[in-house]
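K.L.:
Questions regarding the structure given below will be posed in turn.
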Amino acid sequence: MARRDLSGAVDFAVLERMTAGDDAISEEVLGLFVQQAAMWSPMLDVREAGWRDGVHTIRGAAAGIGAEALAEACQLAEAADKAEAPPMLSRVRDALDLALADVAAYRHELMLRSLKG
């Protein structure tokens with residue numbers, strides 16, 4: 001993966017502004033995002049008691065890295081009634097997959113830059 005593989009699911013300019021362009025901090029923040037996604041994505045099912053907590057946590061993590069579409073999908077799902085939530089949670093999972101793919105490509109680019117010194 002490389003920067004050319006970015007889909008636009010994440011606006012990394014948001015991350016770069018937040019980290020003042022420091023690649024090491026960007027890598028750390030993205031690593032935390034991936035960990036949060038792994039921890040909370042199993043909760044993206046209305047059969048899970050804490051599904052709103054999972055959506056809320058992913059929403060905040062997404063906003064912090066510039067994954068606006070994911071954050072918006074989370075916001076809608078979080079506000080939904082339980083009966084209306086399943087298709088919204090499906091959209092959250094899809095948006096999360098896209099964001100994670102972009103994060104993987106961007107992290108690969110960061111790794112390559114670190115090798116070049």
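In the structure tokens, chains take letters A, B, ... by order of appearance, with residues numbered from 1 within each chain and ligands from 1 in the order shown.
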Write out as a PyMOL selection string each polymer residue whose atoms come within 12 Å of range 51-55 of chain A, counting only C-alpha atoms; drop sequence neighbours fewer than 5 positions from it.
P.N.:
chain A and resi 36-46+60-62+70-82+85-86+88-93+95-96
K.L.:
For range 6-9 of chain A, please output as a list of chain:residue names all residues within 9 Å (counting only C-alpha atoms; exclusion window: fewer than 5 positions along the same chain).
P.N.:
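The neighbour list is A:Met1, A:Gly66, A:Ala67, A:Glu68, A:Ala69, A:Leu70, A:Ala95, A:Leu96, A:Leu98, A:Ala99, A:Leu100, A:Ala101, A:Asp102, A:Val103, A:Ala105, A:Tyr106.
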K.L.:
Just the residues within 12 Å of Met18 in chain A, please, counting only C-alpha atoms, with nothing from its chain fewer than 2 positions along; format it as number ranges by chain.
P.N.:
A: 11-16, 20-23, 25-26, 29-30, 63-66
K.L.:
Pick out the closest residue to Val10 in chain A from this set: A:Glu84, A:Glu28, A:Glu48, A:Asp97. Count only C-alpha atoms.
P.N.:
A:Asp97
K.L.:
Could you jot down the CA of His56 in chain A to CA of Gly31 in chain A separation for me, Å, one decimal place?
P.N.:
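These two atoms are separated by 18.6 Å.
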K.L.:
Report, in Å to a single decimal, how far apart CA of Lys116 in chain A and CA of Asp5 in chain A are.
P.N.:
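Separation between CA of Asp5 in chain A and CA of Lys116 in chain A: 20.1 Å.
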K.L.:
Give me, as a PyMOL selection string, the residues of range 4-117 of chain A that a backbone DSSP run labels alpha helix (DSSP H).
P.N.:
chain A and resi 12-18+23-40+51-65+68-79+85-116
K.L.:
If I take CA of Ala24 in chain A and CA of Asp94 in chain A, how far is one from the other in Å, to one decimal?
P.N.:
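Separation of CA of Ala24 in chain A and CA of Asp94 in chain A: 27.9 Å.
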